[in-house]
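Enquirer: To be precise about what I am sending: the file is called entry-v4.tsv and holds TSV, C-alpha atoms.
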```tsv
chain	number	residue	atom	x	y	z
Z	1	MET	CA	1.63	-21.17	33.83
Z	2	ASP	CA	3.05	-24.11	35.78
Z	3	ASN	CA	6.62	-25.45	35.86
Z	4	ALA	CA	6.00	-28.05	33.18
Z	5	ASP	CA	5.00	-25.31	30.77
Z	6	ILE	CA	8.09	-23.33	31.57
Z	7	VAL	CA	10.40	-26.27	30.98
Z	8	GLU	CA	8.62	-27.22	27.81
Z	9	ASN	CA	8.37	-23.93	26.08
Z	10	PRO	CA	10.03	-21.14	27.98
Z	11	ALA	CA	11.91	-19.13	25.41
Z	12	ARG	CA	9.14	-18.83	22.89
Z	13	ARG	CA	6.46	-17.67	25.30
Z	14	ARG	CA	8.68	-15.22	27.09
Z	15	CYS	CA	10.30	-13.84	23.96
Z	16	GLY	CA	6.97	-13.45	22.25
Z	17	ALA	CA	5.57	-11.36	25.05
Z	18	GLU	CA	8.80	-9.43	25.36
Z	19	ASP	CA	8.82	-8.65	21.65
Z	20	VAL	CA	5.30	-7.33	21.73
Z	21	HIS	CA	6.06	-5.31	24.85
Z	22	ARG	CA	9.18	-3.75	23.32
Z	23	ARG	CA	7.43	-3.04	20.02
Z	24	LEU	CA	4.61	-1.21	21.80
Z	25	LEU	CA	7.05	0.73	23.95
Z	26	ASN	CA	9.11	1.71	20.92
Z	27	GLU	CA	6.08	2.64	18.86
Z	28	SER	CA	4.67	4.64	21.70
Z	29	LEU	CA	7.95	6.50	22.24
Z	30	ASN	CA	8.39	7.09	18.51
Z	31	TYR	CA	4.84	8.28	18.27
Z	32	ARG	CA	5.27	10.75	21.10
Z	33	LEU	CA	8.46	12.12	19.57
Z	34	ASN	CA	6.86	12.34	16.14
Z	35	ARG	CA	3.81	14.10	17.51
Z	36	ALA	CA	5.92	16.66	19.37
Z	37	ALA	CA	7.83	17.51	16.20
Z	38	ILE	CA	4.62	17.72	14.15
Z	39	GLU	CA	2.94	20.04	16.64
Z	40	ASN	CA	6.04	22.23	16.91
Z	41	LEU	CA	5.97	22.70	13.15
Z	42	ALA	CA	2.22	23.40	13.18
Z	43	PHE	CA	2.83	26.01	15.89
Z	44	ALA	CA	5.56	27.66	13.78
Z	45	TYR	CA	3.09	27.94	10.90
Z	46	ALA	CA	0.34	29.25	13.16
Z	47	THR	CA	2.57	32.02	14.54
Z	48	GLY	CA	3.97	32.98	11.15
Z	49	GLU	CA	7.49	31.92	12.05
Z	50	GLU	CA	7.24	29.51	9.11
Z	51	GLN	CA	5.37	30.31	5.91
Z	52	PRO	CA	3.80	27.89	3.45
Z	53	GLY	CA	6.09	27.64	0.45
Z	54	ARG	CA	3.81	25.61	-1.75
Z	55	THR	CA	2.52	27.40	-4.82
Z	56	GLY	CA	0.55	24.81	-6.80
Z	57	VAL	CA	-2.11	22.22	-6.22
Z	58	VAL	CA	-0.95	18.83	-4.92
Z	59	THR	CA	-2.63	15.68	-6.17
Z	60	ILE	CA	-2.63	12.78	-3.72
Z	61	PRO	CA	-2.78	9.23	-5.09
Z	62	VAL	CA	-5.39	7.17	-3.29
Z	63	VAL	CA	-5.70	3.42	-2.98
Z	64	VAL	CA	-9.13	2.22	-1.92
Z	65	HIS	CA	-9.17	-1.18	-0.21
Z	66	VAL	CA	-12.69	-2.60	-0.38
Z	67	VAL	CA	-13.00	-5.35	2.24
Z	68	HIS	CA	-16.39	-7.03	1.99
Z	69	SER	CA	-18.27	-9.95	3.51
Z	70	THR	CA	-21.37	-9.48	1.33
Z	71	ASP	CA	-21.86	-8.46	-2.29
Z	72	GLU	CA	-23.58	-5.28	-1.11
Z	73	GLN	CA	-20.48	-4.19	0.80
Z	74	ASN	CA	-18.38	-4.59	-2.35
Z	75	VAL	CA	-18.91	-0.99	-3.44
Z	76	SER	CA	-18.52	-0.24	-7.15
Z	77	ASP	CA	-15.78	1.74	-8.85
Z	78	GLU	CA	-18.47	4.26	-9.73
Z	79	GLN	CA	-19.36	4.76	-6.08
Z	80	ILE	CA	-15.66	5.18	-5.28
Z	81	ASP	CA	-15.45	7.88	-7.93
Z	82	THR	CA	-18.36	9.78	-6.38
Z	83	GLN	CA	-16.32	9.90	-3.17
Z	84	ILE	CA	-13.19	11.13	-4.97
Z	85	ALA	CA	-15.32	13.82	-6.65
Z	86	VAL	CA	-16.56	15.05	-3.26
Z	87	LEU	CA	-12.99	15.27	-1.96
Z	88	ASN	CA	-11.99	17.26	-5.03
Z	89	GLU	CA	-14.68	19.80	-4.24
Z	90	ASP	CA	-14.24	19.96	-0.48
Z	91	PHE	CA	-10.44	20.28	-0.48
Z	92	ARG	CA	-10.61	22.96	-3.21
Z	93	ALA	CA	-13.42	25.00	-1.59
Z	94	ALA	CA	-15.36	24.27	-4.76
Z	95	ASN	CA	-18.41	22.72	-3.07
Z	96	ALA	CA	-21.73	24.36	-3.95
Z	97	ASP	CA	-22.95	24.42	-0.33
Z	98	LEU	CA	-20.17	26.85	0.69
Z	99	LYS	CA	-22.76	29.58	0.12
Z	100	GLY	CA	-24.36	28.41	3.37
Z	101	VAL	CA	-21.41	29.67	5.44
Z	102	PRO	CA	-22.68	32.57	7.58
Z	103	PRO	CA	-21.45	35.93	6.24
Z	104	VAL	CA	-19.34	36.53	9.34
Z	105	TRP	CA	-17.16	33.52	8.44
Z	106	GLN	CA	-17.14	33.77	4.66
Z	107	GLY	CA	-13.71	35.40	4.82
Z	108	LEU	CA	-12.28	32.41	6.66
Z	109	VAL	CA	-13.16	29.83	4.00
Z	110	ALA	CA	-9.97	28.13	2.80
Z	111	ASP	CA	-8.96	26.24	-0.31
Z	112	ALA	CA	-6.65	23.41	0.80
Z	113	ARG	CA	-5.27	23.11	-2.75
Z	114	LEU	CA	-5.38	19.34	-2.51
Z	115	GLU	CA	-6.80	17.02	-5.11
Z	116	PHE	CA	-7.21	13.28	-5.03
Z	117	ARG	CA	-7.23	10.63	-7.69
Z	118	ARG	CA	-7.17	6.85	-7.77
Z	119	ALA	CA	-3.56	5.68	-7.97
Z	120	ASP	CA	-2.57	4.45	-11.44
Z	121	THR	CA	0.66	2.68	-10.46
Z	122	ASP	CA	0.91	0.09	-7.69
Z	123	PRO	CA	3.84	-0.20	-5.25
Z	124	ASP	CA	5.64	-2.55	-7.66
Z	125	GLY	CA	5.34	-0.13	-10.55
Z	126	ASN	CA	2.53	-1.95	-12.33
Z	127	PRO	CA	-0.63	-0.31	-13.69
Z	128	THR	CA	-3.55	-0.35	-11.26
Z	129	THR	CA	-7.09	0.94	-10.94
Z	130	GLY	CA	-6.22	2.18	-7.44
Z	131	VAL	CA	-8.75	-0.25	-5.96
Z	132	THR	CA	-8.08	-3.53	-4.17
Z	133	ARG	CA	-10.91	-5.92	-3.36
Z	134	ARG	CA	-10.97	-8.68	-0.81
Z	135	ARG	CA	-13.71	-11.02	0.42
Z	136	THR	CA	-13.52	-11.53	4.17
Z	137	ASP	CA	-15.11	-13.88	6.67
Z	138	ARG	CA	-15.46	-11.07	9.17
Z	139	ARG	CA	-18.98	-9.69	9.37
Z	140	SER	CA	-17.72	-6.36	10.65
Z	141	PHE	CA	-14.58	-4.64	11.80
Z	142	SER	CA	-14.02	-2.52	14.89
Z	143	ASP	CA	-11.67	0.43	15.26
Z	144	ASP	CA	-8.77	-1.90	16.19
Z	145	ASP	CA	-7.03	-1.65	12.77
Z	146	ALA	CA	-7.67	-5.31	11.84
Z	147	VAL	CA	-9.06	-4.18	8.47
Z	148	LYS	CA	-5.58	-2.89	7.64
Z	149	PHE	CA	-3.95	-6.32	7.71
Z	150	THR	CA	-4.45	-9.20	5.29
Z	151	ALA	CA	-3.60	-11.64	8.08
Z	152	ARG	CA	-6.48	-10.28	10.20
Z	153	GLY	CA	-9.13	-10.50	7.48
Z	154	GLY	CA	-8.44	-7.10	5.94
Z	155	ALA	CA	-6.03	-5.73	3.34
Z	156	ASP	CA	-2.45	-4.60	3.90
Z	157	ALA	CA	-1.64	-0.92	3.44
Z	158	TRP	CA	0.29	0.32	0.45
Z	159	PRO	CA	3.37	2.41	1.37
Z	160	ALA	CA	2.01	5.35	3.33
Z	161	ASP	CA	4.71	7.70	2.09
Z	162	ARG	CA	3.35	7.39	-1.46
Z	163	TYR	CA	-0.40	6.74	-1.10
Z	164	LEU	CA	-3.39	7.71	0.97
Z	165	ASN	CA	-4.79	4.35	2.10
Z	166	LEU	CA	-8.58	4.34	2.33
Z	167	TRP	CA	-10.34	1.23	3.59
Z	168	VAL	CA	-14.06	0.66	3.01
Z	169	CYS	CA	-15.75	-2.07	5.04
Z	170	GLN	CA	-18.59	-2.75	7.45
Z	171	LEU	CA	-17.66	-1.05	10.71
Z	172	GLY	CA	-19.34	-2.37	13.87
Z	173	GLY	CA	-20.82	-0.37	16.73
Z	174	GLY	CA	-22.50	2.08	14.34
Z	175	LEU	CA	-19.19	3.84	13.66
Z	176	LEU	CA	-19.00	5.84	10.41
Z	177	GLY	CA	-15.24	6.09	10.16
Z	178	TYR	CA	-11.93	6.58	11.93
Z	179	ALA	CA	-8.50	7.91	11.12
Z	180	GLN	CA	-4.88	7.97	12.20
Z	181	PHE	CA	-3.05	11.25	12.78
Z	182	PRO	CA	0.31	11.77	11.05
Z	183	GLY	CA	3.29	10.41	12.93
Z	184	GLY	CA	1.88	6.93	13.58
Z	185	PRO	CA	2.97	3.55	12.21
Z	186	PRO	CA	2.93	3.38	8.37
Z	187	ALA	CA	1.23	-0.03	8.36
Z	188	THR	CA	-1.92	1.49	9.86
Z	189	ASP	CA	-1.75	4.94	8.28
Z	190	GLY	CA	-4.89	6.09	6.48
Z	191	VAL	CA	-8.63	6.29	7.01
Z	192	VAL	CA	-11.40	3.70	7.38
Z	193	ILE	CA	-14.97	4.40	6.27
Z	194	THR	CA	-18.05	2.26	6.72
Z	195	TYR	CA	-19.60	1.28	3.40
Z	196	THR	CA	-22.91	3.04	4.11
Z	197	GLY	CA	-21.12	6.36	4.71
Z	198	PHE	CA	-18.96	6.31	1.61
Z	199	GLY	CA	-19.52	8.28	-1.61
Z	200	THR	CA	-22.88	9.61	-2.72
Z	201	THR	CA	-24.48	6.69	-4.58
Z	202	GLY	CA	-25.00	2.94	-4.19
Z	203	THR	CA	-24.81	1.93	-0.53
Z	204	ALA	CA	-24.43	5.49	0.82
Z	205	ALA	CA	-27.33	6.18	3.17
Z	206	ALA	CA	-28.78	9.47	4.42
Z	207	PRO	CA	-27.91	11.53	6.38
Z	208	PHE	CA	-24.32	10.45	5.67
Z	209	ASN	CA	-24.57	10.08	1.90
Z	210	LEU	CA	-22.71	13.19	0.73
Z	211	GLY	CA	-19.18	11.83	1.26
Z	212	ARG	CA	-18.38	14.11	4.21
Z	213	THR	CA	-17.31	11.31	6.53
Z	214	THR	CA	-14.28	10.78	4.30
Z	215	THR	CA	-13.60	14.55	4.15
Z	216	HIS	CA	-13.67	14.64	7.97
Z	217	GLU	CA	-11.40	11.61	8.39
Z	218	ILE	CA	-8.88	12.91	5.85
Z	219	GLY	CA	-8.93	16.12	7.89
Z	220	HIS	CA	-7.60	14.07	10.83
Z	221	TRP	CA	-5.11	12.34	8.54
Z	222	LEU	CA	-3.85	15.86	7.71
Z	223	ASN	CA	-3.51	16.64	11.43
Z	224	LEU	CA	-6.77	18.48	12.09
Z	225	PHE	CA	-8.53	18.01	15.41
Z	226	HIS	CA	-12.22	18.35	16.24
Z	227	ILE	CA	-13.16	21.99	16.61
Z	228	GLY	CA	-14.86	21.13	19.91
Z	229	GLY	CA	-11.43	20.47	21.41
Z	230	ASP	CA	-11.81	16.80	22.45
Z	231	ASP	CA	-12.45	17.60	26.11
Z	232	GLY	CA	-15.99	16.28	26.21
Z	233	THR	CA	-18.36	19.20	26.56
Z	234	GLY	CA	-15.85	21.45	28.34
Z	235	CYS	CA	-14.69	24.87	27.16
Z	236	SER	CA	-10.96	24.47	27.80
Z	237	GLY	CA	-10.10	22.04	25.00
Z	238	THR	CA	-8.62	23.35	21.78
Z	239	ASP	CA	-8.09	22.34	18.17
Z	240	PHE	CA	-4.95	24.54	18.09
Z	241	VAL	CA	-6.57	26.68	15.41
Z	242	ALA	CA	-7.12	30.38	16.17
Z	243	ASP	CA	-9.93	31.15	13.73
Z	244	THR	CA	-12.33	28.40	14.76
Z	245	PRO	CA	-14.38	29.78	17.67
Z	246	ASN	CA	-14.06	28.10	21.03
Z	247	GLN	CA	-17.04	25.79	21.48
Z	248	ALA	CA	-18.13	23.17	23.98
Z	249	GLY	CA	-18.70	19.67	22.61
Z	250	GLN	CA	-19.32	18.47	19.11
Z	251	ASN	CA	-22.57	19.33	17.35
Z	252	PHE	CA	-24.87	16.75	15.79
Z	253	GLY	CA	-27.59	16.71	13.17
Z	254	THR	CA	-28.34	19.99	11.39
Z	255	PRO	CA	-28.07	22.84	13.91
Z	256	THR	CA	-29.51	26.30	13.38
Z	257	TYR	CA	-27.20	29.34	13.35
Z	258	PRO	CA	-26.28	30.76	15.78
Z	259	SER	CA	-25.66	28.00	18.35
Z	260	ILE	CA	-24.09	29.56	21.43
Z	261	THR	CA	-21.77	27.73	23.84
Z	262	CYS	CA	-18.72	28.72	25.91
Z	263	ASN	CA	-19.63	32.43	25.82
Z	264	ASN	CA	-19.02	32.51	22.06
Z	265	ALA	CA	-21.96	34.84	21.26
Z	266	PRO	CA	-23.02	36.38	18.97
Z	267	ASP	CA	-21.79	34.01	16.26
Z	268	GLY	CA	-21.58	30.81	18.28
Z	269	ASP	CA	-20.22	27.42	17.21
Z	270	MET	CA	-18.83	26.92	13.72
Z	271	PHE	CA	-20.90	23.74	13.38
Z	272	MET	CA	-20.68	23.88	9.55
Z	273	ASN	CA	-16.96	23.07	9.78
Z	274	TYR	CA	-15.90	19.67	8.41
Z	275	MET	CA	-14.25	18.91	11.76
Z	276	ASP	CA	-17.48	19.06	13.73
Z	277	TYR	CA	-19.86	16.06	14.00
Z	278	THR	CA	-22.86	17.42	12.09
Z	279	ASP	CA	-24.68	15.59	9.27
Z	280	ASP	CA	-23.15	15.56	5.79
Z	281	VAL	CA	-25.53	18.24	4.54
Z	282	ALA	CA	-24.62	20.56	7.43
Z	283	MET	CA	-20.78	20.64	7.15
Z	284	PHE	CA	-19.07	22.48	4.32
Z	285	MET	CA	-15.95	24.46	5.22
Z	286	PHE	CA	-12.33	24.46	6.37
Z	287	THR	CA	-10.82	27.69	7.72
Z	288	ASN	CA	-7.55	29.45	6.88
Z	289	GLY	CA	-6.16	28.45	10.27
Z	290	GLN	CA	-6.98	24.80	9.69
Z	291	ILE	CA	-5.31	24.83	6.30
Z	292	LEU	CA	-2.18	26.36	7.87
Z	293	ARG	CA	-2.01	23.19	9.98
Z	294	VAL	CA	-2.47	21.14	6.81
Z	295	GLU	CA	0.39	23.08	5.19
Z	296	ALA	CA	2.61	22.27	8.16
Z	297	CYS	CA	1.61	18.62	7.83
Z	298	LEU	CA	2.47	18.60	4.13
Z	299	ALA	CA	5.81	20.28	4.83
Z	300	GLY	CA	6.54	17.81	7.64
Z	301	PRO	CA	5.28	14.26	8.08
Z	302	ARG	CA	3.49	14.03	4.73
Z	303	GLN	CA	6.16	15.81	2.69
Z	304	SER	CA	6.87	12.70	0.60
Z	305	LEU	CA	3.35	12.82	-0.82
Z	306	VAL	CA	4.06	16.29	-2.14
Z	307	THR	CA	7.54	15.65	-3.53
Z	308	GLN	CA	7.15	12.15	-5.00
Z	309	GLY	CA	3.59	10.92	-4.91
Z	310	GLY	CA	2.83	7.30	-5.73
Z	311	GLY	CA	1.82	6.69	-9.28
Z	312	HIS	CA	3.77	9.57	-10.80
V	1	MET	CA	-20.81	-13.63	42.66
V	2	PRO	CA	-22.75	-13.20	39.41
V	3	GLU	CA	-22.89	-16.02	36.96
V	4	ILE	CA	-20.26	-15.29	34.36
V	5	TRP	CA	-21.04	-16.92	31.05
V	6	PRO	CA	-18.68	-17.04	28.07
V	7	ASP	CA	-21.02	-14.78	26.12
V	8	LEU	CA	-19.91	-11.93	28.39
V	9	TYR	CA	-16.43	-12.09	26.89
V	10	ARG	CA	-16.69	-9.58	24.07
V	11	ARG	CA	-16.61	-5.86	23.43
V	12	TRP	CA	-19.91	-4.26	24.43
V	13	TYR	CA	-21.07	-0.92	23.00
V	14	ARG	CA	-23.28	1.42	25.01
V	15	SER	CA	-26.78	1.48	23.54
V	16	PHE	CA	-27.81	4.60	25.43
V	17	GLU	CA	-30.98	4.94	23.36
V	18	GLU	CA	-32.21	1.82	25.17
V	19	ASP	CA	-31.17	2.87	28.68
V	20	THR	CA	-33.86	2.87	31.34
V	21	ASP	CA	-33.98	4.78	34.60
V	22	ASP	CA	-32.19	2.00	36.41
V	23	GLN	CA	-30.30	0.13	33.69
V	24	ALA	CA	-27.49	0.97	31.27
V	25	VAL	CA	-27.81	-1.17	28.15
V	26	TYR	CA	-24.93	-2.51	26.08
V	27	ARG	CA	-24.99	-4.37	22.76
V	28	PRO	CA	-22.45	-6.30	20.64
V	29	ALA	CA	-20.70	-4.77	17.59
V	30	ASP	CA	-23.18	-6.20	15.08
V	31	PHE	CA	-26.23	-4.63	16.72
V	32	PRO	CA	-27.90	-2.26	14.20
V	33	PHE	CA	-26.92	0.98	15.91
V	34	PRO	CA	-27.78	4.24	14.16
V	35	PRO	CA	-24.60	5.42	12.40
V	36	SER	CA	-22.52	7.96	14.29
V	37	ARG	CA	-19.33	9.97	13.82
V	38	ALA	CA	-18.62	9.56	17.53
V	39	PRO	CA	-17.39	6.17	18.71
V	40	ARG	CA	-19.72	4.64	21.28
V	41	PRO	CA	-18.23	4.15	24.73
V	42	GLY	CA	-18.06	0.58	25.82
V	43	LEU	CA	-16.41	-2.11	27.84
V	44	GLU	CA	-14.92	-5.51	27.31
V	45	PHE	CA	-14.54	-8.42	29.69
V	46	ARG	CA	-11.85	-10.93	28.84
V	47	PRO	CA	-11.37	-14.46	30.13
V	48	GLY	CA	-8.74	-14.58	32.86
V	49	GLY	CA	-9.59	-11.21	34.36
V	50	GLY	CA	-8.71	-8.68	31.67
V	51	PHE	CA	-10.96	-5.64	31.30
V	52	VAL	CA	-10.94	-2.79	28.78
V	53	GLU	CA	-12.89	0.42	28.97
V	54	TYR	CA	-13.52	2.39	25.77
V	55	ALA	CA	-14.11	6.14	25.60
V	56	ALA	CA	-14.38	8.54	22.66
V	57	GLY	CA	-10.98	9.37	21.17
V	58	PRO	CA	-9.78	12.31	19.07
V	59	ALA	CA	-9.55	10.48	15.71
V	60	ASP	CA	-13.09	9.04	15.90
V	61	ARG	CA	-11.87	5.76	17.28
V	62	ALA	CA	-12.30	4.69	20.86
V	63	ALA	CA	-9.46	5.26	23.32
V	64	ALA	CA	-8.94	2.06	25.30
V	65	SER	CA	-7.93	1.83	28.97
V	66	SER	CA	-6.80	-1.63	30.03
V	67	GLY	CA	-7.38	-3.01	33.49
V	68	SER	CA	-8.88	-6.00	35.22
V	69	TRP	CA	-12.13	-7.42	36.54
V	70	GLU	CA	-12.91	-9.75	39.41
V	71	PRO	CA	-16.17	-11.17	40.74
V	72	GLY	CA	-17.68	-9.56	43.81
V	73	GLU	CA	-20.66	-10.31	46.04
V	74	GLY	CA	-24.04	-11.06	44.49
V	75	ASP	CA	-24.36	-9.53	41.05
V	76	ALA	CA	-21.32	-7.32	41.58
V	77	VAL	CA	-18.17	-7.27	39.46
V	78	ARG	CA	-15.29	-5.11	40.55
V	79	VAL	CA	-13.52	-3.51	37.59
V	80	ARG	CA	-10.38	-1.43	37.41
V	81	ALA	CA	-9.44	0.60	34.34
V	82	GLY	CA	-7.62	3.85	33.80
V	83	ALA	CA	-7.39	5.70	37.07
V	84	GLY	CA	-10.19	4.17	39.07
V	85	THR	CA	-11.89	1.12	40.49
V	86	ARG	CA	-15.65	0.72	40.52
V	87	VAL	CA	-18.28	-1.93	41.03
V	88	LEU	CA	-20.69	-2.91	38.27
V	89	HIS	CA	-23.92	-4.72	39.05
V	90	ILE	CA	-24.75	-7.01	36.14
V	91	VAL	CA	-28.50	-7.37	35.98
V	92	ALA	CA	-28.60	-9.64	32.93
V	93	HIS	CA	-26.55	-10.73	29.99
V	94	ASP	CA	-26.73	-13.08	27.04
V	95	GLU	CA	-25.33	-13.00	23.52
V	96	GLN	CA	-27.43	-10.02	22.52
V	97	VAL	CA	-27.54	-7.70	25.48
V	98	LEU	CA	-25.74	-6.72	28.67
V	99	ARG	CA	-27.67	-4.81	31.32
V	100	ILE	CA	-25.88	-3.02	34.14
V	101	ARG	CA	-27.57	-1.32	37.07
V	102	ARG	CA	-27.22	2.47	36.97
```
Please express what this file holds, its structure, as structure tokens.
Expert:
Amino acid sequence: MDNADIVENPARRRCGAEDVHRRLLNESLNYRLNRAAIENLAFAYATGEEQPGRTGVVTIPVVVHVVHSTDEQNVSDEQIDTQIAVLNEDFRAANADLKGVPPVWQGLVADARLEFRRADTDPDGNPTTGVTRRRTDRRSFSDDDAVKFTARGGADAWPADRYLNLWVCQLGGGLLGYAQFPGGPPATDGVVITYTGFGTTGTAAAPFNLGRTTTHEIGHWLNLFHIGGDDGTGCSGTDFVADTPNQAGQNFGTPTYPSITCNNAPDGDMFMNYMDYTDDVAMFMFTNGQILRVEACLAGPRQSLVTQGGGH
Amino acid sequence: MPEIWPDLYRRWYRSFEEDTDDQAVYRPADFPFPPSRAPRPGLEFRPGGGFVEYAAGPADRAAASSGSWEPGEGDAVRVRAGAGTRVLHIVAHDEQVLRIRR
């Protein structure tokens, strides 16, 4: 920038940059504080210092934002409902493939007591199908959250304290989906799924056509980490869950039991856990320890979804 | 210094299936990669010297480290991101592919 620029337009340029800088700093600080509180609560649940007080099943209202640049990407309501149906099996431990859990881990299988349905009331109190649709000029979206903003070619989030926001679009780079952990900015809260990895019919394509990408991403949204511990292929990372065996990296495809890493013989990796990276057909369980973290999340950062729930 | 064309200025995703013994291959976002739960690592050159390196993150999105790039000798580009500085040798690039010496 030369002097002429500074004389011409100093305040706007400087203030703009300053605003962005301060917003990022504040968000980052808030996020760190939020995350510390969330993990402290999860730890209290894990140690038994705090006990889950919830007795019934919680139903979470979902808004699905379909952001499409082609007719094919504009997935149908029917396809959306196949995805909701998968969630209602997986988060109730009602999925038929649970029988594939090795006997040694059958006792760890957990019912999250969460159900999902399309929202029937929008943020203004009007009736809705729980689906928003928007044509976009963008051929694909990356993991930079642009799909979550109308001004960036996507669709704005509905209030995150009342709805689970679920965006369906074409993701670039071959990515199936991504999520945001609790404690982050409400405007970007939710999960994003590529249209070929969503639901079980229509555009869903094997081997990611059983709706498990969305189960996995909602796991993150409920504060679950990868069971491999997010330290590459090392053995020192952790998902902060005691009953998922320590394992090296993530598993892919359809592994054969047992798969031994990190001295975890004889049972090996729990690669059939939803928070591994295996194919849809190969992942089918949450554990009791994972659902304790989910309970802490529902008692903490996502409490409003339990007590008020959009659409009720 | 290497010839830097505007088509370099984008986010490049590692297409490790196409790597050769001496080249790491990168492709743009719209390349028909096989779908994956893991975000592909990548890098991004920006006009004016900005550089971003992408690694797998814990919520299935890439974790970005911002830094800078500057031209070096021959086909070399010196990049800084995260904790370190390293030199990339750009063998070829156009709109569809970026090849870096391994």
Enquirer: For chain Z, which residue among V:Glu17, V:Tyr54, V:Arg61, V:Trp5 is the nearest when counting all atoms listed in the file?
Expert: V:Arg61
Enquirer: Please report the interatomic distance between CA of Ala160 in chain Z and CA of Ala187 in chain Z in Å with one decimal.
Expert: 7.4 Å
Enquirer: Counting all atoms listed in the file, which residues of chain Z come no farther than 8 Å from chain V, as JSON, numbers by chain?
Expert: {"Z": [139, 140, 142, 143, 172, 173, 174, 175, 176, 177, 178, 179, 180, 181, 213, 217, 220, 225, 226, 230, 277]}
Enquirer: CA of Arg135 in chain Z to CA of Gly211 in chain Z: how many Å, to one decimal?
Expert: 23.5 Å
Enquirer: Hey, what's within 9 Å of Arg133 in chain Z if we count all atoms listed in the file and toss same-chain stuff fewer than 6 positions away? As a compact mmCIF listing (two decimals) with C-alpha atoms, in the coordinates of the input, please?
Expert:
```txt
# COMPACT_ATOMS: atom_id res chain seq x y z
CA VAL Z 64 -9.13 2.22 -1.92
CA HIS Z 65 -9.17 -1.18 -0.21
CA VAL Z 66 -12.69 -2.60 -0.38
CA VAL Z 67 -13.00 -5.35 2.24
CA HIS Z 68 -16.39 -7.03 1.99
CA ASN Z 74 -18.38 -4.59 -2.35
CA ALA Z 155 -6.03 -5.73 3.34
```
Enquirer: Write out as a CSV table (one decimal) with C-alpha atoms, in the coordinates of the input which residues come within 7 Å of range 265-274 of chain Z when counting all atoms listed in the file, dropping same-chain ones fewer than 3 positions away.
Expert:
```csv
chain,number,residue,atom,x,y,z
Z,216,HIS,CA,-13.7,14.6,8.0
Z,244,THR,CA,-12.3,28.4,14.8
Z,245,PRO,CA,-14.4,29.8,17.7
Z,247,GLN,CA,-17.0,25.8,21.5
Z,251,ASN,CA,-22.6,19.3,17.4
Z,258,PRO,CA,-26.3,30.8,15.8
Z,259,SER,CA,-25.7,28.0,18.4
Z,260,ILE,CA,-24.1,29.6,21.4
Z,261,THR,CA,-21.8,27.7,23.8
Z,278,THR,CA,-22.9,17.4,12.1
Z,282,ALA,CA,-24.6,20.6,7.4
Z,283,MET,CA,-20.8,20.6,7.2
Z,284,PHE,CA,-19.1,22.5,4.3
Z,285,MET,CA,-16.0,24.5,5.2
Z,286,PHE,CA,-12.3,24.5,6.4
```
Enquirer: Quick one: distance from CA of Leu25 in chain Z to CA of Ser66 in chain V in Å, one decimal?
Expert: 15.3 Å
Enquirer: Counting only C-alpha atoms, I want the residues whose atoms come within 10 Å of (-19.5, 8.3, 0.6) in the file frame, returned as a PyMOL selection string.
Expert: chain Z and resi 79-84+86-87+168+193-205+208-215+280
Enquirer: Skipping near chain neighbours, those fewer than 6 positions away, what residues fall within 9 Å of Ala42 in chain Z using only C-alpha atoms, listed as an mmCIF file with C-alpha atoms, in the frame of the given file?
Expert:
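Saved as around38.cif:
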```
data_model
loop_
_atom_site.group_PDB
_atom_site.id
_atom_site.type_symbol
_atom_site.label_atom_id
_atom_site.label_comp_id
_atom_site.auth_asym_id
_atom_site.auth_seq_id
_atom_site.Cartn_x
_atom_site.Cartn_y
_atom_site.Cartn_z
ATOM 1 C CA GLU Z 50 7.240 29.510 9.110
ATOM 2 C CA PHE Z 240 -4.950 24.540 18.090
ATOM 3 C CA LEU Z 292 -2.180 26.360 7.870
ATOM 4 C CA ARG Z 293 -2.010 23.190 9.980
ATOM 5 C CA VAL Z 294 -2.470 21.140 6.810
ATOM 6 C CA GLU Z 295 0.390 23.080 5.190
ATOM 7 C CA ALA Z 296 2.610 22.270 8.160
ATOM 8 C CA CYS Z 297 1.610 18.620 7.830
ATOM 9 C CA GLY Z 300 6.540 17.810 7.640
#
```
Enquirer: Find the residues near Asp21 in chain V: any atom within 12 Å, counting only C-alpha atoms, skip ones fewer than 5 places away on the same chain, and give them as a PDB file with C-alpha atoms, in the coordinates of the input.
Expert:
```pdb
ATOM      1  CA  PHE V  16     -27.810   4.600  25.430  1.00  0.00           C
ATOM      2  CA  ARG V  99     -27.670  -4.810  31.320  1.00  0.00           C
ATOM      3  CA  ILE V 100     -25.880  -3.020  34.140  1.00  0.00           C
ATOM      4  CA  ARG V 101     -27.570  -1.320  37.070  1.00  0.00           C
ATOM      5  CA  ARG V 102     -27.220   2.470  36.970  1.00  0.00           C
TER       6      ARG V 102
END
```
Enquirer: Can you pull out every residue within 7 Å of range 89-101 of chain Z, counting all atoms listed in the file, but drop anything in the same chain fewer than 6 positions away, and send it as an MDAnalysis selection string?
Expert: chainID Z and resid 110:115 284:285
